[in-house]
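Data block for coords_37.cif (mmCIF, C-alpha atoms and all ligand atoms):
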```cif
data_structure
#
loop_
_atom_site.label_atom_id
_atom_site.label_comp_id
_atom_site.auth_asym_id
_atom_site.auth_seq_id
_atom_site.Cartn_x
_atom_site.Cartn_y
_atom_site.Cartn_z
CA MET A 1 -31.25 14.96 -23.03
CA LEU A 2 -32.30 17.82 -25.28
CA SER A 3 -35.58 17.40 -27.06
CA THR A 4 -37.63 19.45 -29.48
CA LEU A 5 -41.39 19.47 -29.84
CA ILE A 6 -43.55 21.32 -32.35
CA TYR A 7 -47.32 21.54 -32.09
CA ARG A 8 -50.07 23.54 -33.69
CA SER A 9 -53.34 24.76 -32.20
CA ARG A 10 -56.14 27.24 -32.74
CA ALA A 11 -57.00 30.23 -30.59
CA CYS A 12 -60.45 29.82 -29.02
CA GLU A 13 -61.23 33.49 -29.39
CA PRO A 14 -59.86 36.34 -31.50
CA MET A 15 -56.75 37.63 -29.80
CA SER A 16 -56.14 41.31 -29.20
CA ALA A 17 -52.56 42.61 -29.35
CA ASP A 18 -52.68 43.00 -25.57
CA ALA A 19 -53.89 39.47 -25.00
CA LEU A 20 -51.14 38.15 -27.25
CA ASP A 21 -48.52 40.21 -25.41
CA GLY A 22 -49.76 38.89 -22.09
CA LEU A 23 -49.66 35.32 -23.35
CA ILE A 24 -46.09 35.69 -24.59
CA ARG A 25 -44.87 37.35 -21.38
CA GLN A 26 -46.39 34.57 -19.32
CA ALA A 27 -44.95 31.86 -21.58
CA ARG A 28 -41.47 33.41 -21.48
CA ALA A 29 -41.45 33.41 -17.68
CA ARG A 30 -42.64 29.81 -17.58
CA ASN A 31 -40.13 28.69 -20.20
CA ALA A 32 -37.27 30.45 -18.39
CA SER A 33 -38.08 28.62 -15.18
CA LEU A 34 -38.04 25.29 -17.05
CA ASN A 35 -34.91 26.02 -19.09
CA VAL A 36 -37.02 25.83 -22.26
CA THR A 37 -36.43 27.97 -25.34
CA GLY A 38 -38.45 28.18 -28.53
CA LEU A 39 -40.40 29.98 -31.20
CA LEU A 40 -44.04 30.91 -31.70
CA LEU A 41 -45.70 31.56 -35.05
CA PHE A 42 -49.16 33.15 -34.99
CA ASP A 43 -51.39 34.10 -37.92
CA GLY A 44 -54.27 35.56 -35.93
CA VAL A 45 -56.01 32.20 -35.56
CA HIS A 46 -53.44 29.40 -35.54
CA PHE A 47 -50.43 28.92 -33.35
CA VAL A 48 -47.40 26.88 -34.29
CA GLN A 49 -44.97 26.57 -31.44
CA LEU A 50 -41.55 24.99 -31.06
CA LEU A 51 -40.30 24.06 -27.61
CA GLU A 52 -36.78 22.84 -26.92
CA GLY A 53 -35.09 21.91 -23.68
CA PRO A 54 -34.61 19.00 -21.29
CA ALA A 55 -36.92 16.19 -22.46
CA GLN A 56 -38.88 16.06 -19.19
CA SER A 57 -39.45 19.82 -19.06
CA VAL A 58 -40.66 19.87 -22.65
CA GLU A 59 -43.06 16.99 -22.08
CA SER A 60 -44.54 18.40 -18.88
CA LEU A 61 -44.81 21.85 -20.44
CA PHE A 62 -46.63 20.38 -23.45
CA ASP A 63 -48.98 18.64 -21.03
CA THR A 64 -49.80 21.95 -19.37
CA ILE A 65 -50.20 23.66 -22.73
CA GLY A 66 -52.66 20.94 -23.80
CA ARG A 67 -54.92 21.91 -20.90
CA ASP A 68 -54.79 25.67 -21.57
CA ALA A 69 -58.32 26.91 -22.30
CA ARG A 70 -57.15 29.74 -24.56
CA HIS A 71 -56.58 27.37 -27.46
CA LYS A 72 -57.95 24.08 -28.80
CA SER A 73 -57.19 21.40 -31.41
CA VAL A 74 -53.69 20.94 -30.06
CA VAL A 75 -51.87 18.66 -32.50
CA ARG A 76 -48.34 17.42 -32.02
CA LEU A 77 -46.37 17.81 -35.24
CA LEU A 78 -42.89 16.66 -34.24
CA ARG A 79 -40.99 15.17 -31.35
CA ASP A 80 -37.27 14.93 -31.91
CA HIS A 81 -33.90 14.93 -30.19
CA GLY A 82 -30.82 16.86 -31.16
CA PRO A 83 -27.38 18.00 -30.16
CA PHE A 84 -28.09 21.73 -29.80
CA ARG A 85 -30.85 24.30 -29.41
CA ARG A 86 -32.00 26.25 -32.44
CA PHE A 87 -33.25 29.19 -30.41
CA GLU A 88 -30.59 29.23 -27.68
CA GLY A 89 -31.05 32.14 -25.31
CA ASP A 90 -34.55 32.99 -26.50
CA GLU A 91 -37.37 31.92 -24.15
CA MET A 92 -39.78 32.42 -26.96
CA ALA A 93 -38.99 34.09 -30.24
CA MET A 94 -42.19 35.36 -31.84
CA VAL A 95 -43.06 35.67 -35.50
CA ASP A 96 -46.36 37.39 -36.18
CA LEU A 97 -47.26 36.15 -39.63
CA ARG A 98 -49.82 38.91 -40.10
CA ASP A 99 -47.05 41.50 -40.33
CA LEU A 100 -45.10 39.66 -42.97
CA ALA A 101 -45.12 39.08 -46.69
CA VAL A 102 -44.90 35.40 -47.57
CA THR A 103 -41.39 35.89 -48.98
CA GLN A 104 -40.13 37.28 -45.67
CA VAL A 105 -41.25 34.43 -43.43
CA ALA A 106 -38.50 31.89 -44.02
CA SER A 107 -35.71 34.44 -43.71
CA LEU A 108 -37.15 35.86 -40.50
CA ILE A 109 -37.33 32.41 -38.91
CA LEU A 110 -33.76 31.80 -40.03
CA GLU A 111 -32.64 35.09 -38.58
CA LYS A 112 -33.94 34.06 -35.20
CA MET A 113 -32.04 30.79 -35.28
CA LYS A 114 -28.54 30.34 -33.95
CA LYS A 115 -25.70 30.19 -36.43
CA GLN A 116 -24.97 26.55 -35.67
CA ALA A 117 -28.55 25.62 -36.58
CA ARG A 118 -28.60 27.78 -39.68
CA LEU A 119 -25.73 25.78 -41.13
CA ALA A 120 -27.81 22.60 -41.20
CA VAL A 121 -30.87 24.26 -42.55
CA SER A 122 -31.22 22.76 -46.02
CA ASP A 123 -32.43 19.43 -44.70
CA ASP A 124 -33.53 20.29 -41.22
CA ARG A 125 -36.97 18.81 -40.51
CA VAL A 126 -37.71 21.46 -37.94
CA ILE A 127 -37.20 24.38 -40.28
CA LYS A 128 -39.12 22.56 -43.01
CA ILE A 129 -42.12 22.06 -40.76
CA LEU A 130 -42.06 25.64 -39.52
CA THR A 131 -41.86 27.14 -42.99
CA TRP A 132 -44.44 24.71 -44.37
CA TYR A 133 -46.98 25.89 -41.82
CA ALA A 134 -45.90 29.51 -41.98
CA LEU A 135 -46.14 29.67 -45.76
CA ALA A 136 -49.37 27.71 -46.25
CA ARG A 137 -51.45 30.70 -45.30
CA ASP A 138 -54.71 29.40 -46.73
CA THR A 139 -54.71 26.68 -44.02
CA SER A 140 -56.47 24.25 -46.36
CA HIS A 141 -53.80 21.78 -45.27
CA ILE A 142 -55.25 21.74 -41.77
CA VAL A 143 -58.06 19.32 -41.02
CA GLU A 144 -59.90 19.96 -37.79
CA GLY A 145 -62.66 17.79 -36.46
CA GLU A 146 -65.88 19.06 -35.02
CA ASP A 147 -66.04 19.62 -31.29
CA ALA A 148 -66.61 16.26 -29.56
CA ALA A 149 -69.00 17.98 -27.15
CA ASN A 150 -71.45 18.40 -30.06
CA TRP A 151 -72.13 14.67 -29.96
CA ARG A 152 -73.44 12.02 -27.67
CA PHE A 153 -73.71 8.33 -28.43
CA VAL A 154 -76.98 6.51 -27.91
CA ALA A 155 -77.43 2.74 -28.11
CA ASP A 156 -80.03 1.35 -30.48
CA GLU A 157 -82.13 -1.71 -29.69
CA GLY A 158 -80.81 -3.86 -32.48
CA ALA A 159 -79.09 -6.48 -30.33
CA SER A 160 -79.88 -10.12 -30.91
CA SER A 161 -78.04 -13.33 -30.24
CA GLU A 162 -77.93 -17.03 -30.86
CA PRO A 163 -76.52 -18.23 -27.56
CA CYS A 164 -76.54 -22.00 -27.81
CA LEU A 165 -73.78 -23.70 -29.73
CA GLN A 166 -74.83 -26.25 -32.32
CA PRO A 167 -73.77 -29.87 -31.79
CA GLY A 168 -70.22 -30.41 -33.04
CA GLN A 169 -69.49 -26.70 -33.20
CA THR A 170 -65.76 -26.27 -32.60
CA TYR A 171 -65.42 -22.55 -33.26
CA GLN A 172 -67.49 -19.54 -32.46
CA PHE A 173 -67.59 -16.06 -33.85
CA ALA A 174 -68.09 -12.62 -32.38
CA LEU A 175 -69.73 -10.01 -34.59
CA GLN A 176 -68.70 -6.41 -34.78
CA PRO A 177 -70.36 -3.95 -37.15
CA ILE A 178 -68.66 -1.61 -39.57
CA VAL A 179 -70.82 1.49 -39.72
CA GLU A 180 -71.41 4.60 -41.74
CA PRO A 181 -72.75 6.91 -39.03
CA ALA A 182 -73.62 9.78 -41.38
CA ARG A 183 -76.29 7.48 -42.90
CA ARG A 184 -76.89 5.60 -39.65
CA ALA A 185 -76.15 2.50 -41.66
CA ILE A 186 -74.43 -0.77 -40.89
CA THR A 187 -72.31 -1.54 -43.95
CA SER A 188 -71.12 -4.97 -42.80
CA PHE A 189 -70.51 -7.30 -39.90
CA GLU A 190 -67.03 -8.58 -39.26
CA PHE A 191 -66.84 -12.16 -37.97
CA LEU A 192 -64.06 -12.51 -35.40
CA ILE A 193 -63.11 -16.07 -34.52
CA ARG A 194 -63.33 -17.37 -30.93
CA SER A 195 -62.46 -20.74 -29.45
CA GLN A 196 -65.09 -23.09 -28.08
CA SER A 197 -64.62 -21.49 -24.66
CA GLY A 198 -64.68 -17.98 -26.07
CA GLY A 199 -60.88 -17.51 -26.26
CA SER A 200 -59.32 -14.92 -28.55
CA PRO A 201 -58.08 -15.64 -32.08
CA GLU A 202 -54.54 -15.41 -30.79
CA GLN A 203 -55.13 -18.06 -28.12
CA LEU A 204 -57.02 -20.21 -30.55
CA PHE A 205 -54.36 -20.21 -33.27
CA ALA A 206 -51.59 -20.66 -30.70
CA SER A 207 -53.29 -23.83 -29.44
CA VAL A 208 -53.35 -25.65 -32.78
CA PRO A 209 -50.32 -27.20 -34.50
CA PRO A 210 -48.93 -24.81 -37.15
CA ALA A 211 -49.45 -27.38 -39.89
CA GLN A 212 -53.23 -27.28 -39.26
CA ARG A 213 -53.65 -23.54 -38.89
CA TYR A 214 -54.54 -22.73 -42.48
CA ARG A 215 -56.97 -25.62 -42.80
CA ILE A 216 -58.70 -24.64 -39.54
CA ASP A 217 -58.79 -20.99 -40.58
CA LEU A 218 -60.55 -21.95 -43.78
CA GLU A 219 -62.89 -24.59 -42.34
CA SER A 220 -63.94 -22.41 -39.42
CA LYS A 221 -65.62 -20.01 -41.87
CA ALA A 222 -68.43 -22.55 -42.30
CA PHE A 223 -69.46 -21.71 -38.70
CA ALA A 224 -69.35 -18.00 -39.48
CA PHE A 225 -71.64 -18.38 -42.48
CA ARG A 226 -73.99 -20.66 -40.56
CA LEU A 227 -74.26 -18.08 -37.78
CA ALA A 228 -74.95 -15.35 -40.34
CA SER A 229 -77.72 -17.45 -41.78
CA ARG A 230 -79.21 -18.22 -38.34
CA LEU A 231 -79.16 -14.51 -37.51
CA CYS A 232 -80.90 -13.84 -40.84
CA LEU A 233 -78.09 -11.55 -42.02
CA ASP A 234 -78.92 -12.28 -45.63
CA ASP A 235 -79.04 -8.74 -46.90
CA ILE A 236 -75.90 -7.36 -45.34
CA LYS A 237 -72.22 -7.79 -46.12
CA LEU A 238 -70.26 -10.31 -44.10
CA SER A 239 -66.53 -9.83 -43.53
CA VAL A 240 -64.37 -12.79 -42.61
CA ASN A 241 -60.65 -12.83 -41.83
CA LEU A 242 -58.21 -15.16 -43.53
CA LEU A 243 -54.47 -15.47 -43.38
CA PRO A 244 -53.08 -15.10 -46.91
CA MET A 245 -51.64 -18.60 -46.66
CA SER A 246 -55.07 -20.03 -45.84
CA LEU A 247 -56.05 -19.08 -49.38
CA VAL A 248 -52.86 -20.47 -50.87
CA ALA A 249 -52.08 -23.65 -48.91
CA ASP A 250 -55.12 -25.46 -50.29
CA PRO A 251 -55.52 -24.99 -54.06
CA SER A 252 -59.27 -25.52 -53.75
CA ALA A 253 -59.65 -22.98 -50.91
CA VAL A 254 -61.88 -20.61 -52.86
CA ASP A 255 -64.11 -23.44 -54.10
CA LEU A 256 -64.46 -24.70 -50.55
CA MET A 257 -65.51 -21.24 -49.41
CA LEU A 258 -68.03 -20.96 -52.23
CA ASP A 259 -69.53 -24.29 -51.10
CA GLN A 260 -69.72 -23.04 -47.49
CA ILE A 261 -71.47 -19.86 -48.64
CA ALA A 262 -73.95 -21.62 -50.90
CA GLY A 263 -74.58 -24.27 -48.22
CA CYS A 264 -75.90 -21.56 -45.89
CA GLY A 265 -78.09 -19.95 -48.51
CA LEU A 266 -75.87 -16.89 -48.75
CA SER A 267 -74.40 -15.32 -51.87
CA PRO A 268 -70.70 -14.77 -52.70
CA GLY A 269 -71.36 -11.09 -53.45
CA GLN A 270 -72.26 -10.65 -49.79
CA VAL A 271 -68.90 -11.84 -48.56
CA ILE A 272 -65.74 -9.84 -48.04
CA VAL A 273 -62.47 -11.54 -47.25
CA GLU A 274 -60.18 -9.49 -45.04
CA ILE A 275 -56.59 -10.35 -45.65
CA THR A 276 -54.87 -10.23 -42.31
CA GLU A 277 -51.21 -10.16 -43.02
CA GLN A 278 -49.77 -11.35 -39.74
CA GLU A 279 -47.12 -13.17 -41.73
CA ALA A 280 -45.29 -12.33 -44.91
CA ILE A 281 -46.84 -13.60 -48.12
CA VAL A 282 -44.37 -16.25 -49.18
CA ASN A 283 -45.61 -17.04 -52.62
CA GLN A 284 -46.80 -13.89 -54.37
CA ARG A 285 -47.86 -15.72 -57.52
CA ASP A 286 -50.12 -18.23 -55.78
CA PHE A 287 -51.54 -15.50 -53.59
CA GLY A 288 -52.30 -13.37 -56.64
CA ALA A 289 -54.03 -16.32 -58.26
CA ALA A 290 -56.17 -16.90 -55.15
CA ILE A 291 -57.22 -13.23 -55.11
CA GLU A 292 -58.15 -13.55 -58.77
CA ARG A 293 -60.35 -16.56 -58.00
CA LEU A 294 -62.06 -14.66 -55.18
CA ARG A 295 -62.72 -11.72 -57.50
CA ARG A 296 -64.05 -13.94 -60.27
CA ALA A 297 -66.45 -15.55 -57.82
CA GLY A 298 -67.73 -12.10 -56.84
CA ILE A 299 -66.25 -12.11 -53.33
CA GLY A 300 -64.98 -8.75 -52.05
CA VAL A 301 -61.47 -8.21 -50.76
CA ALA A 302 -60.22 -5.95 -47.99
CA ILE A 303 -56.68 -5.30 -46.80
CA ASP A 304 -56.77 -5.51 -43.01
CA ASP A 305 -54.54 -3.74 -40.48
CA PHE A 306 -53.12 -1.41 -43.11
CA GLY A 307 -50.11 0.37 -41.73
CA ALA A 308 -49.21 -2.31 -39.20
CA GLY A 309 -46.88 -5.25 -39.59
CA PHE A 310 -46.74 -6.67 -43.06
CA ALA A 311 -49.76 -4.95 -44.58
CA GLY A 312 -47.67 -2.42 -46.43
CA LEU A 313 -47.77 -0.29 -49.51
CA SER A 314 -46.62 -2.99 -51.91
CA LEU A 315 -49.65 -5.12 -51.01
CA LEU A 316 -51.85 -2.16 -51.90
CA ALA A 317 -49.92 -1.54 -55.11
CA ASP A 318 -50.23 -5.19 -56.18
CA PHE A 319 -53.83 -5.91 -55.18
CA GLN A 320 -56.22 -3.02 -55.11
CA PRO A 321 -58.86 -4.17 -52.65
CA ASP A 322 -62.44 -2.96 -52.31
CA LYS A 323 -61.69 -1.76 -48.80
CA LEU A 324 -58.64 -0.65 -46.95
CA LYS A 325 -58.86 -1.01 -43.19
CA ILE A 326 -56.53 1.40 -41.46
CA ASP A 327 -55.01 -0.18 -38.38
CA ARG A 328 -55.84 0.99 -34.90
CA LYS A 329 -52.21 1.90 -34.27
CA ILE A 330 -52.57 4.63 -36.90
CA ILE A 331 -56.05 5.71 -35.78
CA GLN A 332 -55.39 5.95 -32.05
CA ASN A 333 -55.28 9.54 -30.80
CA ILE A 334 -55.34 10.86 -34.36
CA HIS A 335 -57.07 14.10 -33.38
CA ALA A 336 -53.91 15.19 -31.55
CA ASP A 337 -51.21 13.60 -33.65
CA GLY A 338 -49.64 15.37 -36.65
CA PRO A 339 -47.71 12.44 -38.15
CA ARG A 340 -50.78 10.17 -38.00
CA GLN A 341 -52.96 12.90 -39.55
CA ALA A 342 -50.53 13.34 -42.43
CA ILE A 343 -50.47 9.58 -43.05
CA VAL A 344 -54.24 9.13 -42.92
CA ARG A 345 -54.82 12.10 -45.21
CA ALA A 346 -52.46 10.54 -47.75
CA ILE A 347 -54.21 7.17 -47.42
CA VAL A 348 -57.63 8.77 -47.92
CA GLU A 349 -56.38 10.55 -51.02
CA ALA A 350 -54.81 7.39 -52.44
CA CYS A 351 -58.05 5.47 -51.76
CA ALA A 352 -60.09 8.13 -53.56
CA ALA A 353 -57.80 7.94 -56.59
CA LEU A 354 -58.09 4.14 -56.62
CA GLY A 355 -61.81 3.82 -55.92
CA ILE A 356 -61.14 2.05 -52.62
CA THR A 357 -63.27 2.61 -49.51
CA PRO A 358 -61.15 3.40 -46.45
CA VAL A 359 -62.32 2.08 -43.08
CA ALA A 360 -60.97 3.32 -39.75
CA GLU A 361 -60.45 0.45 -37.30
CA GLY A 362 -60.38 0.58 -33.52
CA VAL A 363 -62.11 3.94 -33.12
CA GLU A 364 -62.61 4.41 -29.38
CA ARG A 365 -62.93 8.15 -28.87
CA VAL A 366 -65.41 10.72 -30.10
CA GLU A 367 -62.52 13.06 -30.95
CA GLU A 368 -60.93 10.44 -33.20
CA TRP A 369 -64.20 9.96 -35.08
CA CYS A 370 -64.73 13.73 -35.44
CA TRP A 371 -61.29 14.20 -36.95
CA LEU A 372 -61.61 11.21 -39.27
CA GLN A 373 -64.99 12.42 -40.55
CA ALA A 374 -63.47 15.82 -41.31
CA ALA A 375 -60.64 14.10 -43.20
CA GLY A 376 -63.14 12.28 -45.42
CA VAL A 377 -63.35 8.85 -43.79
CA GLU A 378 -66.95 7.61 -43.77
CA ARG A 379 -66.71 4.04 -42.48
CA PHE A 380 -65.80 3.10 -38.94
CA GLN A 381 -65.32 0.11 -36.70
CA GLY A 382 -64.54 0.28 -33.02
CA TYR A 383 -65.70 0.20 -29.44
CA LEU A 384 -67.10 3.73 -29.79
CA PHE A 385 -69.86 2.26 -31.97
CA ALA A 386 -70.03 -1.36 -30.81
CA ARG A 387 -67.97 -4.03 -29.13
CA PRO A 388 -67.90 -7.50 -30.68
CA ALA A 389 -70.78 -9.70 -29.49
CA LEU A 390 -70.32 -13.46 -29.17
CA ASN A 391 -72.71 -15.36 -31.46
CA GLY A 392 -74.87 -12.31 -31.91
CA VAL A 393 -75.39 -8.78 -33.07
CA PRO A 394 -74.40 -6.11 -30.55
CA ALA A 395 -76.32 -2.93 -29.81
CA ILE A 396 -74.85 -0.07 -31.80
CA HIS A 397 -74.16 3.36 -30.36
CA TRP A 398 -75.05 6.02 -32.92
CA PRO A 399 -73.92 9.64 -32.69
CA GLN A 400 -76.61 12.22 -32.03
CA ARG A 401 -76.10 15.94 -31.98
CA THR A 402 -76.35 17.37 -28.49
CA PRO A 403 -78.91 20.16 -28.31
CA PRO A 404 -77.28 23.64 -28.22
CA HIS A 405 -77.27 25.18 -24.71
P1 LIG B 1 -58.88 -7.55 -36.88
O1 LIG B 1 -59.36 -8.27 -38.07
O2 LIG B 1 -58.18 -6.25 -37.09
O3 LIG B 1 -60.14 -7.41 -35.96
C1 LIG B 1 -60.34 -6.34 -35.11
C2 LIG B 1 -59.85 -6.65 -33.73
O4 LIG B 1 -59.83 -5.43 -32.99
C3 LIG B 1 -60.78 -7.58 -32.94
O5 LIG B 1 -60.00 -8.26 -31.99
C4 LIG B 1 -61.68 -6.59 -32.23
O6 LIG B 1 -62.25 -7.12 -31.06
C5 LIG B 1 -60.70 -5.50 -31.90
N1 LIG B 1 -61.32 -4.21 -31.80
C6 LIG B 1 -62.38 -3.72 -32.48
N2 LIG B 1 -62.65 -2.46 -32.13
C7 LIG B 1 -61.73 -2.11 -31.21
C8 LIG B 1 -61.48 -0.92 -30.48
O7 LIG B 1 -62.16 0.11 -30.60
N3 LIG B 1 -60.44 -0.94 -29.61
C9 LIG B 1 -59.66 -2.05 -29.45
N4 LIG B 1 -58.67 -1.99 -28.56
N5 LIG B 1 -59.85 -3.19 -30.13
C10 LIG B 1 -60.88 -3.21 -31.01
P2 LIG B 1 -60.02 -9.84 -31.95
O8 LIG B 1 -61.40 -10.35 -32.13
O9 LIG B 1 -59.24 -10.24 -30.74
O10 LIG B 1 -59.24 -10.24 -33.24
C11 LIG B 1 -57.86 -9.99 -33.35
C12 LIG B 1 -57.37 -10.37 -34.71
O11 LIG B 1 -57.46 -11.78 -34.92
C13 LIG B 1 -58.20 -9.79 -35.83
O12 LIG B 1 -57.88 -8.46 -36.03
C14 LIG B 1 -57.78 -10.67 -36.97
O13 LIG B 1 -56.55 -10.25 -37.49
C15 LIG B 1 -57.59 -12.00 -36.29
N6 LIG B 1 -58.73 -12.87 -36.58
C16 LIG B 1 -59.99 -12.80 -36.11
N7 LIG B 1 -60.75 -13.77 -36.65
C17 LIG B 1 -59.95 -14.44 -37.51
C18 LIG B 1 -60.15 -15.54 -38.40
O14 LIG B 1 -61.24 -16.11 -38.54
N8 LIG B 1 -59.07 -15.94 -39.14
C19 LIG B 1 -57.86 -15.35 -39.04
N9 LIG B 1 -56.86 -15.81 -39.77
N10 LIG B 1 -57.65 -14.32 -38.22
C20 LIG B 1 -58.68 -13.87 -37.46
MN MN B 2 -60.30 -7.97 -39.75
MN MN B 3 -57.68 -5.06 -38.42
#
```
Take the structure from the file and write it as structure tokens.
Ligand code: C2E
Ligand code: MN
Ligand code: MN
Amino acid sequence: MLSTLIYRSRACEPMSADALDGLIRQARARNASLNVTGLLLFDGVHFVQLLEGPAQSVESLFDTIGRDARHKSVVRLLRDHGPFRRFEGDEMAMVDLRDLAVTQVASLILEKMKKQARLAVSDDRVIKILTWYALARDTSHIVEGEDAANWRFVADEGASSEPCLQPGQTYQFALQPIVEPARRAITSFEFLIRSQSGGSPEQLFASVPPAQRYRIDLESKAFAFRLASRLCLDDIKLSVNLLPMSLVADPSAVDLMLDQIAGCGLSPGQVIVEITEQEAIVNQRDFGAAIERLRRAGIGVAIDDFGAGFAGLSLLADFQPDKLKIDRKIIQNIHADGPRQAIVRAIVEACAALGITPVAEGVERVEEWCWLQAAGVERFQGYLFARPALNGVPAIHWPQRTPPH
């Protein structure tokens, strides 16, 4: 099976003409042995390379390339399959962008392509990506995170817990902070439901009859607010998750929540409801009305798991939330992933235009955080900073600059 891969990267050091020649000679020999053909664009700093050939050869070559110390910030831009090679017979066509006027670039790339490929050019994703990067010479379209090696993560001593369950307590909650590391600030705690024995939300909801799920979802929040009050979290925001239908199924849902909040000596302005759309919203009108009631009461709203499952663009268009939590599936490996970078940059821009705070969920790696910071995301949740703690506040790992060697 023939596959095509395009990536971009940055040279670690300025490259002399000789060094570039050497690199190309070496790459051509390697590509020939793997039956790989392709194209390299270089502007003196950035590489954009296309590799095409048998899927396995392309993947293993890309793996090797990722470990090459001569470049860094390797970001995959495209992985595709097709019926023919665009650069048949050429182990590595080279376009040195420094020698070219902007108007010459597209035609030179075209010239290097086979006739067959040139015919399909007007809507060929490959040629569009190549010319987009080749023409955008100012490189302001490239976001690169800081070097992960500049940072180490050090746990604070903030942990505290409330281990014993209260009599009659049927549900427990694990707390995970949402942080703004640039200010070393905790912006809120998310309350994640657990069963009496500590089981996950999934296990818990699977074990109750569907007809009771929404009621339980709603009623369980009383335990979350009580825990917040016992942990003296009275001057920090508290995020709770609710299925959209939990707000709709019971017409007095919002009033019930307001009673729970007041009963624990907390204030509605402290509370954020995260709408977890694991199921489609059946009745848009009732859901809209419930959101309105939450807003009128002063409760904040967040769209959870944005970009996964049902939490799509129309939800954002219909209900502008205070926060938009970008799902882990979009965040994972973002520092090396072109499609995810393009999506998150668009989300960040849309959030800025709408006055919404974006939050990156499920951040596990320093590299992910570095890239997200560079792209303008300021709020984070994930194991990198803290894992959820059952009935308590976990220690938080804060980034500290490593001293220069
Ligand atoms: P969520 O609201 O997106 O919560 C984040 C989930 O991701 C939590 O899983 C958390 O433990 C996990 N997580 C956080 N950081 C990381 C990370 O860096 N890597 C990975 N791999 N995972 C991370 P948890 O507690 O199992 O909750 C799963 C989902 O269950 C929640 O996703 C939420 O949708 C739902 N849920 C939790 N509590 C409630 C609730 O009270 N009501 C309802 N309806 N749903 C709830
Ligand atoms: Mn959530
Ligand atoms: Mn989520």
All file atoms of ligand LIG 1 (chain B) boxed axis-aligned, 5 Å per side, centre plus edges, as lines of an AutoDock Vina configuration file:
```
center_x = -59.6
center_y = -8.0
center_z = -34.2
size_x = 16.1
size_y = 26.2
size_z = 21.2
```
Review point. Around (-70.4, 11.2, -43.8) in the file's frame, which residues reach within 8 Å when counting only C-alpha atoms? Return as a count of residues only?
Key: 8
**Study point:** Within-8 Å residues of ligand MN 3 (chain B), basis all atoms listed in the file, as a list in words
**Key:** Thr276, Asp304, Asp305, Phe306, Lys325, Ile326, Asp327, Arg328, Glu361 and Gly362 of chain A
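Distance check against ligand LIG 1 (chain B) using only C-alpha atoms and all ligand atoms: of A:Pro358, A:Pro268, A:Gly382, A:Gly82, the minimum falls on A:Gly382.
Taking CA of His81 in chain A and CA of Ile334 in chain A as endpoints, the distance between them is 22.2 Å.
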Mind running range 306-386 of chain A against range 232-251 of chain A at 12 Å and telling me each contacting residue's nearest atom pair with the distance in Å (one decimal), counting all atoms listed in the file, chain and number ascending, as CSV?
```
residue,atom,partner,partner_atom,distance
A:Phe310,CA,A:Pro244,CA,11.2
A:Ala311,CA,A:Pro244,CA,10.9
A:Leu315,CA,A:Pro244,CA,11.3
A:Asp322,CA,A:Ser239,CA,11.9
A:Lys323,CA,A:Ser239,CA,10.8
A:Lys325,CA,A:Ser239,CA,11.7
```
